[in-house]
Structures are given as structure tokens and as C-alpha cells.
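Each remark here refers to the structure printed beneath this line.
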Amino acid sequence: MQHKAQNKVPGFWVVDGAMIYGEEICQLPLGSMTVTPNNPVWLSRVDGHMGLANSVALMLAGITNITDDPRGGTIMRTANGEPTGVLIDSARTLVTSQIPEDSVDDRREALLRASNLALARGVTTVVDMGRYYPGFST
């Protein structure tokens, strides 16, 4: 994660929508996301049902120890009731609604970079099965 946050201006969102992990993410120590103290981070599990937010993202979303679980979602908490950063199902929208949309130019540049990377590796067809951050369907 630290490499993704390098050279990013403080406050710039670091988003990854292809993380593959299971329930073991709930066991991460709270300090595991401290490599990005100046940037909000959102890591979405590949199936879109769970994600991990760092403390900056939780603060921007207003998620604290007194935040209720939204209907249809869960904010994972420590034994003391502090949010761990793991958000399940509809709780994800508490953070994802704070992530600004990419500009058309940013999207175009990302598509060109991804296409060139795929072609360099011999991949000729790519299908996007959906988005798990701004603009995703619930």
C-alpha cells in the first residue's frame, strides 16, 4: 500500500478494487494501515461485499465508536467497540460515498495504461465486471 501512496498529495484517495482476502482481514491489527497517514485508503474485496478503510477514510466518513451499523451492513469493531476499518455490505457506502469521482481524462489515462500493460503481456481481451467504488451499484 505504501508504494501506491508514494508521490500522492496529502488527502488524495488511494483506492484498490481488486483485493482478494477473506475473513482473515478482520484479524488485522489496527496499526496495519499506518503507512498512509495523510491519505484516505479504501481497499475493496474482489467480490465487493467487504472493504478495508484506514483511519483517515473512517474520519472523513464520520465513522466512530458511536456510529450505528447501517441497515444491511456491518462495521467490524474491536472488543472495545472501536471500528477496525472493515466494512461489510451496505456499510461500505459510508466510505465509498466520500471517494471523489475520477475525471474523464483520468479514466482515459488509466484505461490506456491498463491496455498497454495487458497487450505487453499478450492479453488481447479484457472485460470489466463492475466497479466497487464511486459509481458502483448497490
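Just remember, in the C-alpha cells the first chain shown is A, the second B, etc., residues are 1-based per chain, and ligands are 1-based in the order shown.
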Region 73-114 of chain A residues near region 53-59 of chain A within 7 Å, closest pair each, using only C-alpha atoms, as a tab-separated table:
residue	atom	partner	partner_atom	distance
A:Gly85	CA	A:Ala53	CA	4.7
A:Val86	CA	A:Ala53	CA	6.5
A:Val95	CA	A:Ala57	CA	6.6
What lies within 7 Å of region 69-80 of chain A using only C-alpha atoms, ignoring chain neighbours under 3 positions off, as a PyMOL selection string? chain A and resi 83-91
Same residues, N, CA, C and O atoms, saved as an mmCIF file, in the first residue's frame:
data_model
loop_
_atom_site.group_PDB
_atom_site.id
_atom_site.type_symbol
_atom_site.label_atom_id
_atom_site.label_comp_id
_atom_site.auth_asym_id
_atom_site.auth_seq_id
_atom_site.Cartn_x
_atom_site.Cartn_y
_atom_site.Cartn_z
ATOM 1 N N PRO A 83 -14.107 1.046 15.636
ATOM 2 C CA PRO A 83 -14.153 0.495 14.280
ATOM 3 C C PRO A 83 -12.770 0.016 13.839
ATOM 4 O O PRO A 83 -11.774 0.706 14.057
ATOM 5 N N THR A 84 -12.713 -1.175 13.249
ATOM 6 C CA THR A 84 -11.433 -1.725 12.782
ATOM 7 C C THR A 84 -11.073 -1.229 11.390
ATOM 8 O O THR A 84 -9.933 -1.358 10.972
ATOM 9 N N GLY A 85 -12.064 -0.704 10.671
ATOM 10 C CA GLY A 85 -11.856 -0.303 9.277
ATOM 11 C C GLY A 85 -12.486 -1.280 8.310
ATOM 12 O O GLY A 85 -12.624 -0.987 7.129
ATOM 13 N N VAL A 86 -12.873 -2.457 8.792
ATOM 14 C CA VAL A 86 -13.529 -3.446 7.939
ATOM 15 C C VAL A 86 -15.021 -3.118 7.880
ATOM 16 O O VAL A 86 -15.689 -3.036 8.909
ATOM 17 N N LEU A 87 -15.505 -2.903 6.661
ATOM 18 C CA LEU A 87 -16.914 -2.561 6.442
ATOM 19 C C LEU A 87 -17.515 -3.601 5.516
ATOM 20 O O LEU A 87 -16.940 -3.919 4.469
ATOM 21 N N ILE A 88 -18.678 -4.110 5.913
ATOM 22 C CA ILE A 88 -19.309 -5.204 5.182
ATOM 23 C C ILE A 88 -20.640 -4.742 4.588
ATOM 24 O O ILE A 88 -21.429 -4.064 5.252
ATOM 25 N N ASP A 89 -20.851 -5.141 3.347
ATOM 26 C CA ASP A 89 -22.079 -4.876 2.593
ATOM 27 C C ASP A 89 -22.461 -3.396 2.632
ATOM 28 O O ASP A 89 -21.647 -2.559 2.271
ATOM 29 N N SER A 90 -23.659 -3.013 3.060
ATOM 30 C CA SER A 90 -24.082 -1.615 2.932
ATOM 31 C C SER A 90 -23.243 -0.645 3.759
ATOM 32 O O SER A 90 -23.247 0.558 3.486
ATOM 33 N N ALA A 91 -22.480 -1.127 4.723
ATOM 34 C CA ALA A 91 -21.602 -0.243 5.499
ATOM 35 C C ALA A 91 -20.496 0.336 4.609
ATOM 36 O O ALA A 91 -19.945 1.399 4.906
#
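Distance-wise, CA of Pro10 (chain A) and CA of Asn39 (chain A) end up 5.4 Å apart.
When CA of Lys8 (chain A) is paired with CA of Thr36 (chain A), their separation reads 10.0 Å.
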